[in-house]
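These notes concern the structure reproduced below.
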Amino acid sequence: AMTASLLNPTCGFSTYEPWGSTPRAVRNAVETEIYDRSRQVMVLGNRVPSIAGDVWLAPNALVMGDTDIADRCSVWYGAVLKGDFGAVRLGAFSNVQEKCVIDAVDGGATRIGQYVTVGSGTSISSATVEDNVVIGIGCILEPGSYVETNSVLEAGTLVEAGQLIPSGQVWGGNPARFVRELDGTEVVAIANIAGNIAGVSDDHMASGQLPWGLDYVQTEALRIKFDVGAKDVKRDVKTF
């Protein structure tokens with residue numbers, strides 16, 4: 001009977017109304033919400049993310065649980081660093097680009113060194129990446145894989161569980177295979193790429209976003225709106 005009721009459009013509680021027919025006053029519209037739905041930083045029990053003050057997190061990036069992000073890093077739009085089943089560590093001047101997922105499994109850890117560029121759409125789980133590495137777009141690093149310093153993974157590379165990528169080399173393919181050696185100029189360029197992306201993240205930060213989190217701005221707006229302990233506070237804060 002319940003199933004029949006749910007499928008019966010004549011029942012009041014299950015009647016579907018198109019969005020356009022719903023009175024605007026009762027809609028749960030994003031533009032009318034005081035707090036954003038998105039959460040950049042999430043605490044999981046006693047696992048609290050540690051994020052340096054000059055890190056830039058995109059508004060829809062997510063960092064959660066046992067996660068440590070060092071100075072001058074950037075986490076771009078739609079990327080997720082998830083320290084729920086293990087730890088995630090990101091070294092200074094490294095960047096995680098759009099729609100990457102970095103996590104750890106079975107109590108392990110993903111450790112990414114300094115001046116590492118993680119290309120968009122990459123998945124890294126319980127792997128180790130040393131300093132000065134470029135990981136191309138759409139790569140997969142399986143648990144136990146290890147990428148040594150001064151190396152490059154071509155776009156779409158699959159580094160299998162337990163596989164080692166030696167220092168000073170380019171690898172690519174599925175599964176990953178040796179392509180060629182890097183020359184000295186290319187090795188220097190790896191750190192330059194990460195440094196340039198750190199500079200670009202400054203531009204995004206300067207567009208009106210703080211390094212991470214805007215909750216305090218919204219809280220101040222609420223205090224002003226409802227006159228809660230804010231009679232003598234004059235701030236250039238948008239009211240809702």
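Letters A, B, ... mark the chains of the structure tokens in the order given; residue numbers begin at 1 per chain; ligand numbers begin at 1, in order shown.
Residues within 12 Å of Ala52 (chain A), counting only C-alpha atoms and excluding same-chain residues fewer than 6 positions away, are Thr67, Asp68, Ile69, Ala70, Asp71, Arg72, Cys73, Ser74, Leu90, Gly91, Ala92, Phe93, Pro211 and Trp212 of chain A.
Proximity ranking of A:Ile224, A:Ile112, A:Val133, A:Val200 relative to Leu182 (chain A) places A:Val133 first, based on only C-alpha atoms.
The residue set within 12 Å of Val170 (chain A), counting only C-alpha atoms and dropping same-chain residues fewer than 5 places from it, reads Val133, Val134, Ile135, Gly136, Val147, Glu148, Thr149, Asn150, Ser151, Val152, Leu153, Glu154, Ala155, Thr157, Ile165, Ala176, Arg177, Phe178, Val179, Arg180, Glu181, Leu182, Asp183, Glu186, Val187 and Ile190 of chain A.
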field: Residue among A:Leu57, A:Val96, A:Cys139, A:Val101 lying closest to Val116 (chain A), counting only C-alpha atoms
entry: A:Val96
field: Interatomic distance, CA of Met205 (chain A) to CA of Thr128 (chain A) (Å, one decimal)
entry: 28.6 Å
Residue among A:Gly78, A:Gly107, A:Gly172, A:Gly195 lying closest to Leu141 (chain A), counting only C-alpha atoms: A:Gly172
task: Could you tell me, as a list in words, which residues of region 65-189 of chain A DSSP assigns to alpha helix (DSSP H) when given the backbone?
output: Gly184, Thr185, Glu186, Val187, Val188 and Ala189 of chain A
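Of the listed residues A:Val48, A:Ile193, A:Leu222, A:Ala127, the one whose atoms come nearest to Asp66 (chain A) is A:Val48, with distances taken using only C-alpha atoms.
The space separating CA of Ser145 (chain A) from CA of Ser126 (chain A) comes to 7.7 Å.
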message: Show me, as a ChimeraX atom specification, the residues that have an atom within 9 Å of Pro175 (chain A) when counting only C-alpha atoms, minus same-chain residues fewer than 4 positions from it.
response: /A:157-160
- prompt: Which residues come within 10 Å of Pro143 (chain A), counting only C-alpha atoms, excluding same-chain residues fewer than 3 positions away, as number ranges by chain?
  reply: A: 103-106, 108-110, 124-128, 140, 146, 159-163
field: All residues 9 Å or closer to Leu44 (chain A), only C-alpha atoms, same chain fewer than 5 positions away omitted, as a list in words
entry: Pro49, Met64, Gly65, Asp66, Gly83 and Asp84 of chain A
message: Would you compute the distance between CA of Asp202 (chain A) and CA of Arg47 (chain A)? Give it in Å to one decimal.
response: 28.2 Å
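The residue that comes closest to Val188 (chain A), out of A:Lys82, A:His204, A:Gly168, A:Lys99 and on the basis of only C-alpha atoms, is A:Gly168.
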